[in-house]
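Take a look at the structure set out below.
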Amino acid sequence: FRVHLHQHPSIPINDTAGTMLSSDEIHRRAVQDIYNFCFERDLSQVWAYLWNRWYTPKQWILWARAACDAIPRLKTTMIVESLWRQIKRRDLPQFNRPRLDLVTHVMLKFLLPRINRKVAYLQDHRRLGRPKALAPWQSSFAQDWRSMSKPNELRSMEQELACLKDTSRKGSARAERLADIEAERDRPRGKYHTSVERWTCSCPSYLISRFLLCKHLVREA
């Protein structure tokens, strides 16, 4: 399901020829994959739900990345869901089913002024002359870029040290994480189709990356 969400006509699939599928081909293959999965496990009700709610053409265009011409960075309705989460937890935490007039008042009185301040901050209209701090996503992007630019051996060593220093991980969770790091270290390195000009790569890490990054692109850039 996650692969179906992230596939796009501009991203080559991970094969020897670097094949680039069209939007319709991606949809047909996704439907065939999920149908075969349900058929082999005798999950007829699951298939009916997935087809009607997710994979039918009318629903596919609402969530699949392949339905867009360009590679979108945002996924599904996460921005709208984040906004409503702020309203429920920050502005209306004491109301289970608030009246419509109360919700309207809260949005006009508290939410819109907060959004206006945020937009002004993003447009550099506030705190003129002062350096602007990095947004959380910008800090994460810089951290991922620095990590991916390092050699594989150094990255593996840093991940192992960070896991050993992490006191929040229990014994089984720490052992599982260390095993994953060891498996990643011993896994044979594949050859992927990387294009810095189009900023695409056929590796699995790029396909699910939040920032459309992978170590192959970062090291070639």
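Ligands are numbered from 1 in the order shown, chains are lettered A, B, ... in the order of the structure tokens, and residues start at 1 in each chain.
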Quick one: everything within 8 Å of range 174-187 of chain A, counting only C-alpha atoms, minus sequence neighbours fewer than 5 positions away in the same chain. Send it as a list in words.
Asn152, Glu153, Ser156, Gln159, Glu160, Cys163, Leu164 and Arg169 of chain A
Keeping only all heavy atoms, write those residues as a compact mmCIF listing (two decimals), in the first residue's frame.
# COMPACT_ATOMS: atom_id res chain seq x y z
N ASN A 152 28.82 5.24 4.01
CA ASN A 152 27.95 4.23 4.61
C ASN A 152 28.49 3.73 5.95
O ASN A 152 27.72 3.53 6.90
CB ASN A 152 27.80 3.04 3.65
CG ASN A 152 27.05 3.42 2.38
OD1 ASN A 152 26.23 4.32 2.39
ND2 ASN A 152 27.36 2.72 1.30
N GLU A 153 29.80 3.53 6.05
CA GLU A 153 30.37 3.02 7.29
C GLU A 153 30.18 4.01 8.43
O GLU A 153 29.85 3.63 9.56
CB GLU A 153 31.86 2.71 7.10
CG GLU A 153 32.16 1.58 6.13
CD GLU A 153 32.02 2.01 4.67
OE1 GLU A 153 31.86 3.23 4.43
OE2 GLU A 153 32.07 1.13 3.78
N SER A 156 26.48 4.09 9.50
CA SER A 156 26.13 2.91 10.26
C SER A 156 26.68 3.00 11.68
O SER A 156 25.98 2.65 12.66
CB SER A 156 26.67 1.65 9.56
OG SER A 156 26.40 0.50 10.30
N GLN A 159 24.58 5.55 13.68
CA GLN A 159 23.27 5.00 14.03
C GLN A 159 23.38 4.00 15.18
O GLN A 159 22.54 3.97 16.08
CB GLN A 159 22.65 4.33 12.81
CG GLN A 159 22.23 5.30 11.71
CD GLN A 159 21.76 4.59 10.46
OE1 GLN A 159 21.80 3.35 10.38
NE2 GLN A 159 21.33 5.36 9.47
N GLU A 160 24.44 3.20 15.16
CA GLU A 160 24.63 2.21 16.22
C GLU A 160 24.92 2.89 17.56
O GLU A 160 24.37 2.51 18.60
CB GLU A 160 25.76 1.27 15.84
CG GLU A 160 25.92 0.10 16.78
CD GLU A 160 26.93 -0.91 16.27
OE1 GLU A 160 27.42 -0.74 15.14
OE2 GLU A 160 27.23 -1.87 17.01
N CYS A 163 21.75 4.48 18.93
CA CYS A 163 20.85 3.47 19.49
C CYS A 163 21.33 3.03 20.87
O CYS A 163 20.53 2.86 21.79
CB CYS A 163 20.76 2.28 18.54
SG CYS A 163 19.70 0.94 19.13
N LEU A 164 22.64 2.87 21.05
CA LEU A 164 23.17 2.44 22.34
C LEU A 164 23.01 3.52 23.41
O LEU A 164 22.84 3.22 24.59
CB LEU A 164 24.65 2.06 22.20
CG LEU A 164 24.94 0.82 21.35
CD1 LEU A 164 26.44 0.65 21.15
CD2 LEU A 164 24.34 -0.43 21.98
N ARG A 169 14.84 3.38 24.74
CA ARG A 169 14.59 2.08 24.13
C ARG A 169 14.78 0.96 25.16
O ARG A 169 15.77 0.95 25.89
CB ARG A 169 15.55 1.84 22.94
CG ARG A 169 15.28 2.72 21.74
CD ARG A 169 16.25 2.38 20.62
NE ARG A 169 16.06 3.21 19.45
CZ ARG A 169 15.24 2.91 18.46
NH1 ARG A 169 14.55 1.79 18.51
NH2 ARG A 169 15.13 3.71 17.42
Enumerate the residues of range 18-215 of chain A with a DSSP assignment of helix (DSSP H, G or I), computed from the backbone, and present them as a PyMOL selection string.
chain A and resi 23-40+44-55+57-63+65-67+78-91+100-122+136-148+152-165+171-186+204-207+215
Leu21 in chain A environment, 12 Å, only C-alpha atoms, sequence neighbours closer than 6 positions dropped, as a PDB file with all heavy atoms, in the first residue's frame:
ATOM      1  N   GLN A   7       4.340   5.799  -5.699  1.00  0.00           N
ATOM      2  CA  GLN A   7       4.773   5.663  -7.093  1.00  0.00           C
ATOM      3  C   GLN A   7       4.309   6.856  -7.927  1.00  0.00           C
ATOM      4  O   GLN A   7       3.243   7.446  -7.672  1.00  0.00           O
ATOM      5  CB  GLN A   7       4.219   4.372  -7.686  1.00  0.00           C
ATOM      6  CG  GLN A   7       4.966   3.129  -7.241  1.00  0.00           C
ATOM      7  CD  GLN A   7       4.414   1.880  -7.886  1.00  0.00           C
ATOM      8  OE1 GLN A   7       3.212   1.675  -7.948  1.00  0.00           O
ATOM      9  NE2 GLN A   7       5.297   1.022  -8.379  1.00  0.00           N
ATOM     10  N   HIS A   8       5.129   7.212  -8.932  1.00  0.00           N
ATOM     11  CA  HIS A   8       4.816   8.355  -9.792  1.00  0.00           C
ATOM     12  C   HIS A   8       5.430   8.125 -11.165  1.00  0.00           C
ATOM     13  O   HIS A   8       6.497   7.492 -11.283  1.00  0.00           O
ATOM     14  CB  HIS A   8       5.357   9.654  -9.180  1.00  0.00           C
ATOM     15  CG  HIS A   8       4.869  10.887  -9.864  1.00  0.00           C
ATOM     16  ND1 HIS A   8       5.510  11.442 -10.942  1.00  0.00           N
ATOM     17  CD2 HIS A   8       3.777  11.660  -9.625  1.00  0.00           C
ATOM     18  CE1 HIS A   8       4.849  12.513 -11.332  1.00  0.00           C
ATOM     19  NE2 HIS A   8       3.798  12.666 -10.553  1.00  0.00           N
ATOM     20  N   PRO A   9       4.791   8.621 -12.236  1.00  0.00           N
ATOM     21  CA  PRO A   9       5.357   8.426 -13.586  1.00  0.00           C
ATOM     22  C   PRO A   9       6.760   8.980 -13.766  1.00  0.00           C
ATOM     23  O   PRO A   9       7.513   8.509 -14.631  1.00  0.00           O
ATOM     24  CB  PRO A   9       4.349   9.159 -14.490  1.00  0.00           C
ATOM     25  CG  PRO A   9       3.068   9.117 -13.735  1.00  0.00           C
ATOM     26  CD  PRO A   9       3.445   9.226 -12.290  1.00  0.00           C
ATOM     27  N   SER A  10       7.158   9.984 -12.974  1.00  0.00           N
ATOM     28  CA  SER A  10       8.497  10.565 -13.107  1.00  0.00           C
ATOM     29  C   SER A  10       9.558   9.792 -12.347  1.00  0.00           C
ATOM     30  O   SER A  10      10.742  10.097 -12.486  1.00  0.00           O
ATOM     31  CB  SER A  10       8.481  12.021 -12.623  1.00  0.00           C
ATOM     32  OG  SER A  10       7.597  12.808 -13.402  1.00  0.00           O
ATOM     33  N   ILE A  11       9.151   8.826 -11.517  1.00  0.00           N
ATOM     34  CA  ILE A  11      10.097   8.057 -10.717  1.00  0.00           C
ATOM     35  C   ILE A  11      10.268   6.680 -11.348  1.00  0.00           C
ATOM     36  O   ILE A  11       9.301   5.923 -11.451  1.00  0.00           O
ATOM     37  CB  ILE A  11       9.598   7.907  -9.272  1.00  0.00           C
ATOM     38  CG1 ILE A  11       9.370   9.285  -8.643  1.00  0.00           C
ATOM     39  CG2 ILE A  11      10.594   7.108  -8.434  1.00  0.00           C
ATOM     40  CD1 ILE A  11       8.790   9.223  -7.249  1.00  0.00           C
ATOM     41  N   PRO A  12      11.475   6.312 -11.790  1.00  0.00           N
ATOM     42  CA  PRO A  12      11.668   4.984 -12.407  1.00  0.00           C
ATOM     43  C   PRO A  12      11.512   3.881 -11.371  1.00  0.00           C
ATOM     44  O   PRO A  12      11.844   4.058 -10.196  1.00  0.00           O
ATOM     45  CB  PRO A  12      13.101   5.048 -12.952  1.00  0.00           C
ATOM     46  CG  PRO A  12      13.777   6.088 -12.108  1.00  0.00           C
ATOM     47  CD  PRO A  12      12.722   7.090 -11.751  1.00  0.00           C
ATOM     48  N   ILE A  13      10.996   2.750 -11.807  1.00  0.00           N
ATOM     49  CA  ILE A  13      10.865   1.615 -10.902  1.00  0.00           C
ATOM     50  C   ILE A  13      12.216   0.939 -10.767  1.00  0.00           C
ATOM     51  O   ILE A  13      13.124   1.139 -11.579  1.00  0.00           O
ATOM     52  CB  ILE A  13       9.795   0.613 -11.394  1.00  0.00           C
ATOM     53  CG1 ILE A  13      10.198   0.015 -12.748  1.00  0.00           C
ATOM     54  CG2 ILE A  13       8.435   1.275 -11.484  1.00  0.00           C
ATOM     55  CD1 ILE A  13       9.238  -1.054 -13.237  1.00  0.00           C
ATOM     56  N   ASN A  14      12.358   0.135  -9.761  1.00  0.00           N
ATOM     57  CA  ASN A  14      13.653  -0.474  -9.441  1.00  0.00           C
ATOM     58  C   ASN A  14      13.855  -1.747 -10.250  1.00  0.00           C
ATOM     59  O   ASN A  14      13.737  -2.865  -9.742  1.00  0.00           O
ATOM     60  CB  ASN A  14      13.722  -0.752  -7.940  1.00  0.00           C
ATOM     61  CG  ASN A  14      15.105  -1.211  -7.511  1.00  0.00           C
ATOM     62  OD1 ASN A  14      16.084  -0.985  -8.211  1.00  0.00           O
ATOM     63  ND2 ASN A  14      15.182  -1.869  -6.363  1.00  0.00           N
ATOM     64  N   ASP A  15      14.165  -1.589 -11.538  1.00  0.00           N
ATOM     65  CA  ASP A  15      14.520  -2.726 -12.388  1.00  0.00           C
ATOM     66  C   ASP A  15      15.771  -2.367 -13.175  1.00  0.00           C
ATOM     67  O   ASP A  15      16.294  -1.254 -13.072  1.00  0.00           O
ATOM     68  CB  ASP A  15      13.360  -3.099 -13.315  1.00  0.00           C
ATOM     69  CG  ASP A  15      12.979  -1.980 -14.271  1.00  0.00           C
ATOM     70  OD1 ASP A  15      13.608  -0.896 -14.204  1.00  0.00           O
ATOM     71  OD2 ASP A  15      12.062  -2.177 -15.084  1.00  0.00           O
ATOM     72  N   HIS A  27      -1.689   2.562 -11.827  1.00  0.00           N
ATOM     73  CA  HIS A  27      -2.981   2.233 -11.224  1.00  0.00           C
ATOM     74  C   HIS A  27      -3.343   0.777 -11.474  1.00  0.00           C
ATOM     75  O   HIS A  27      -3.766   0.062 -10.550  1.00  0.00           O
ATOM     76  CB  HIS A  27      -4.061   3.168 -11.790  1.00  0.00           C
ATOM     77  CG  HIS A  27      -5.408   2.930 -11.197  1.00  0.00           C
ATOM     78  ND1 HIS A  27      -6.579   3.081 -11.921  1.00  0.00           N
ATOM     79  CD2 HIS A  27      -5.782   2.530  -9.960  1.00  0.00           C
ATOM     80  CE1 HIS A  27      -7.605   2.794 -11.137  1.00  0.00           C
ATOM     81  NE2 HIS A  27      -7.153   2.466  -9.953  1.00  0.00           N
ATOM     82  N   ARG A  28      -3.184   0.315 -12.706  1.00  0.00           N
ATOM     83  CA  ARG A  28      -3.526  -1.075 -13.015  1.00  0.00           C
ATOM     84  C   ARG A  28      -2.663  -2.046 -12.225  1.00  0.00           C
ATOM     85  O   ARG A  28      -3.168  -3.051 -11.709  1.00  0.00           O
ATOM     86  CB  ARG A  28      -3.378  -1.318 -14.516  1.00  0.00           C
ATOM     87  CG  ARG A  28      -4.470  -0.685 -15.364  1.00  0.00           C
ATOM     88  CD  ARG A  28      -4.489  -1.292 -16.754  1.00  0.00           C
ATOM     89  NE  ARG A  28      -3.236  -1.060 -17.451  1.00  0.00           N
ATOM     90  CZ  ARG A  28      -3.006  -0.011 -18.243  1.00  0.00           C
ATOM     91  NH1 ARG A  28      -3.952   0.896 -18.419  1.00  0.00           N
ATOM     92  NH2 ARG A  28      -1.843   0.120 -18.856  1.00  0.00           N
ATOM     93  N   ARG A  29      -1.376  -1.776 -12.124  1.00  0.00           N
ATOM     94  CA  ARG A  29      -0.493  -2.666 -11.368  1.00  0.00           C
ATOM     95  C   ARG A  29      -0.844  -2.655  -9.881  1.00  0.00           C
ATOM     96  O   ARG A  29      -0.775  -3.693  -9.209  1.00  0.00           O
ATOM     97  CB  ARG A  29       0.962  -2.242 -11.565  1.00  0.00           C
ATOM     98  CG  ARG A  29       1.505  -2.538 -12.958  1.00  0.00           C
ATOM     99  CD  ARG A  29       3.010  -2.425 -12.985  1.00  0.00           C
ATOM    100  NE  ARG A  29       3.574  -2.763 -14.275  1.00  0.00           N
ATOM    101  CZ  ARG A  29       4.855  -3.062 -14.474  1.00  0.00           C
ATOM    102  NH1 ARG A  29       5.700  -3.056 -13.458  1.00  0.00           N
ATOM    103  NH2 ARG A  29       5.292  -3.356 -15.674  1.00  0.00           N
ATOM    104  N   ALA A  30      -1.189  -1.495  -9.355  1.00  0.00           N
ATOM    105  CA  ALA A  30      -1.554  -1.416  -7.947  1.00  0.00           C
ATOM    106  C   ALA A  30      -2.819  -2.222  -7.673  1.00  0.00           C
ATOM    107  O   ALA A  30      -2.910  -2.951  -6.672  1.00  0.00           O
ATOM    108  CB  ALA A  30      -1.737   0.043  -7.542  1.00  0.00           C
ATOM    109  N   ALA A  66       0.542   9.195  -8.050  1.00  0.00           N
ATOM    110  CA  ALA A  66       0.595   9.026  -9.498  1.00  0.00           C
ATOM    111  C   ALA A  66      -0.500   9.811 -10.215  1.00  0.00           C
ATOM    112  O   ALA A  66      -0.416  10.018 -11.431  1.00  0.00           O
ATOM    113  CB  ALA A  66       0.490   7.552  -9.869  1.00  0.00           C
TER     114      ALA A  66
END
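When the distance limit is 12 Å and only C-alpha atoms are what count, the residues near range 104-112 of chain A, minus those fewer than 6 positions from it on the same chain, are Leu83, Trp84, Gln86, Ile87, Lys88, Arg90, Asp91, Leu92, Pro93, Phe95, Pro98, Lys118 and Val119 of chain A.
Look at Glu197 in chain A: the protein and nucleic acid residues within 10 Å of it, using only C-alpha atoms and passing over chain neighbours fewer than 2 places away, are Thr194, Ser195, Trp199, Thr200, Leu217 and Ala221 of chain A.
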DSSP-assigned strand (DSSP E) members of range 22-218 of chain A, reported as a PyMOL selection string:
chain A and resi 194-195+200-201
Produce a file of the selected residues containing N, CA, C and O atoms, as a short mmCIF file (atom, residue, chain, number, x, y, z; two decimals), in the first residue's frame.
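Result file follows (again-v8.cif):
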data_model
loop_
_atom_site.label_atom_id
_atom_site.label_comp_id
_atom_site.auth_asym_id
_atom_site.auth_seq_id
_atom_site.Cartn_x
_atom_site.Cartn_y
_atom_site.Cartn_z
N THR A 194 19.68 6.92 -11.16
CA THR A 194 19.67 8.21 -10.49
C THR A 194 19.83 9.33 -11.51
O THR A 194 20.69 9.24 -12.39
N SER A 195 19.01 10.36 -11.41
CA SER A 195 19.08 11.51 -12.30
C SER A 195 19.02 12.78 -11.46
O SER A 195 17.97 13.10 -10.89
N THR A 200 15.41 12.41 -9.42
CA THR A 200 14.69 11.16 -9.20
C THR A 200 15.69 10.03 -9.04
O THR A 200 16.83 10.10 -9.54
N CYS A 201 15.26 8.98 -8.35
CA CYS A 201 16.08 7.80 -8.16
C CYS A 201 15.14 6.61 -8.00
O CYS A 201 14.03 6.75 -7.48
#
Two-atom distance - CA of Asp24 in chain A, CA of Ala70 in chain A (Å):
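Distance reported for this atom pair: 15.1 Å.
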Residues within 7 Å of range 136-147 of chain A, only C-alpha atoms, excluding chain neighbours under 6 positions, as an MDAnalysis selection string
chainID A and resid 155 211 218
Please, could you write that set of residues out with C-alpha atoms as a PDB file, in the first residue's frame?
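See out19.pdb below for the written result:
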ATOM      1  CA  ARG A 155      26.426   6.470   8.990  1.00  0.00           C
ATOM      2  CA  PHE A 211      11.790  15.302   1.220  1.00  0.00           C
ATOM      3  CA  VAL A 218      22.844  13.754  -2.285  1.00  0.00           C
TER       4      VAL A 218
END
Neighbouring residues of Thr56 in chain A were defined as those with any atom within 12 Å, considering only C-alpha atoms; residues of the same chain fewer than 3 positions away were excluded. Please report them as a ChimeraX atom specification.
/A:27-28,30-31,34,47-53,59-64
Grab the residues selected above and save them as an mmCIF file, in the first residue's frame with N, CA, C and O atoms.
data_model
loop_
_atom_site.group_PDB
_atom_site.id
_atom_site.type_symbol
_atom_site.label_atom_id
_atom_site.label_comp_id
_atom_site.auth_asym_id
_atom_site.auth_seq_id
_atom_site.Cartn_x
_atom_site.Cartn_y
_atom_site.Cartn_z
ATOM 1 N N HIS A 27 -1.689 2.562 -11.827
ATOM 2 C CA HIS A 27 -2.981 2.233 -11.224
ATOM 3 C C HIS A 27 -3.343 0.777 -11.474
ATOM 4 O O HIS A 27 -3.766 0.062 -10.550
ATOM 5 N N ARG A 28 -3.184 0.315 -12.706
ATOM 6 C CA ARG A 28 -3.526 -1.075 -13.015
ATOM 7 C C ARG A 28 -2.663 -2.046 -12.225
ATOM 8 O O ARG A 28 -3.168 -3.051 -11.709
ATOM 9 N N ALA A 30 -1.189 -1.495 -9.355
ATOM 10 C CA ALA A 30 -1.554 -1.416 -7.947
ATOM 11 C C ALA A 30 -2.819 -2.222 -7.673
ATOM 12 O O ALA A 30 -2.910 -2.951 -6.672
ATOM 13 N N VAL A 31 -3.809 -2.080 -8.553
ATOM 14 C CA VAL A 31 -5.048 -2.849 -8.386
ATOM 15 C C VAL A 31 -4.765 -4.343 -8.477
ATOM 16 O O VAL A 31 -5.290 -5.140 -7.692
ATOM 17 N N ILE A 34 -2.983 -5.567 -5.173
ATOM 18 C CA ILE A 34 -3.848 -5.682 -4.001
ATOM 19 C C ILE A 34 -4.895 -6.777 -4.201
ATOM 20 O O ILE A 34 -5.299 -7.452 -3.253
ATOM 21 N N TRP A 47 -10.992 -7.105 0.043
ATOM 22 C CA TRP A 47 -10.877 -6.627 -1.334
ATOM 23 C C TRP A 47 -12.030 -5.710 -1.700
ATOM 24 O O TRP A 47 -11.826 -4.676 -2.346
ATOM 25 N N ALA A 48 -13.252 -6.051 -1.285
ATOM 26 C CA ALA A 48 -14.408 -5.202 -1.587
ATOM 27 C C ALA A 48 -14.241 -3.825 -0.956
ATOM 28 O O ALA A 48 -14.539 -2.796 -1.585
ATOM 29 N N TYR A 49 -13.738 -3.788 0.273
ATOM 30 C CA TYR A 49 -13.535 -2.502 0.934
ATOM 31 C C TYR A 49 -12.433 -1.698 0.250
ATOM 32 O O TYR A 49 -12.599 -0.503 -0.029
ATOM 33 N N LEU A 50 -11.297 -2.351 -0.023
ATOM 34 C CA LEU A 50 -10.181 -1.629 -0.633
ATOM 35 C C LEU A 50 -10.546 -1.097 -2.015
ATOM 36 O O LEU A 50 -10.150 0.021 -2.383
ATOM 37 N N TRP A 51 -11.269 -1.874 -2.798
ATOM 38 C CA TRP A 51 -11.640 -1.413 -4.134
ATOM 39 C C TRP A 51 -12.619 -0.247 -4.064
ATOM 40 O O TRP A 51 -12.421 0.780 -4.728
ATOM 41 N N ASN A 52 -13.653 -0.374 -3.247
ATOM 42 C CA ASN A 52 -14.678 0.667 -3.210
ATOM 43 C C ASN A 52 -14.207 1.950 -2.548
ATOM 44 O O ASN A 52 -14.639 3.043 -2.938
ATOM 45 N N ARG A 53 -13.312 1.831 -1.556
ATOM 46 C CA ARG A 53 -12.913 3.004 -0.779
ATOM 47 C C ARG A 53 -11.554 3.573 -1.147
ATOM 48 O O ARG A 53 -11.258 4.720 -0.798
ATOM 49 N N GLN A 59 -11.704 7.143 -6.359
ATOM 50 C CA GLN A 59 -11.008 7.289 -5.086
ATOM 51 C C GLN A 59 -9.489 7.364 -5.270
ATOM 52 O O GLN A 59 -8.794 8.027 -4.498
ATOM 53 N N TRP A 60 -8.986 6.716 -6.296
ATOM 54 C CA TRP A 60 -7.537 6.679 -6.540
ATOM 55 C C TRP A 60 -6.963 8.076 -6.694
ATOM 56 O O TRP A 60 -5.888 8.394 -6.170
ATOM 57 N N ILE A 61 -7.639 8.942 -7.425
ATOM 58 C CA ILE A 61 -7.106 10.284 -7.682
ATOM 59 C C ILE A 61 -7.080 11.148 -6.423
ATOM 60 O O ILE A 61 -6.450 12.216 -6.424
ATOM 61 N N LEU A 62 -7.742 10.719 -5.360
ATOM 62 C CA LEU A 62 -7.791 11.517 -4.135
ATOM 63 C C LEU A 62 -6.577 11.298 -3.241
ATOM 64 O O LEU A 62 -6.285 12.150 -2.393
ATOM 65 N N TRP A 63 -5.846 10.190 -3.424
ATOM 66 C CA TRP A 63 -4.753 9.910 -2.499
ATOM 67 C C TRP A 63 -3.467 9.449 -3.166
ATOM 68 O O TRP A 63 -2.394 9.568 -2.558
ATOM 69 N N ALA A 64 -3.513 8.950 -4.393
ATOM 70 C CA ALA A 64 -2.306 8.407 -5.011
ATOM 71 C C ALA A 64 -1.454 9.519 -5.605
ATOM 72 O O ALA A 64 -1.961 10.437 -6.258
#
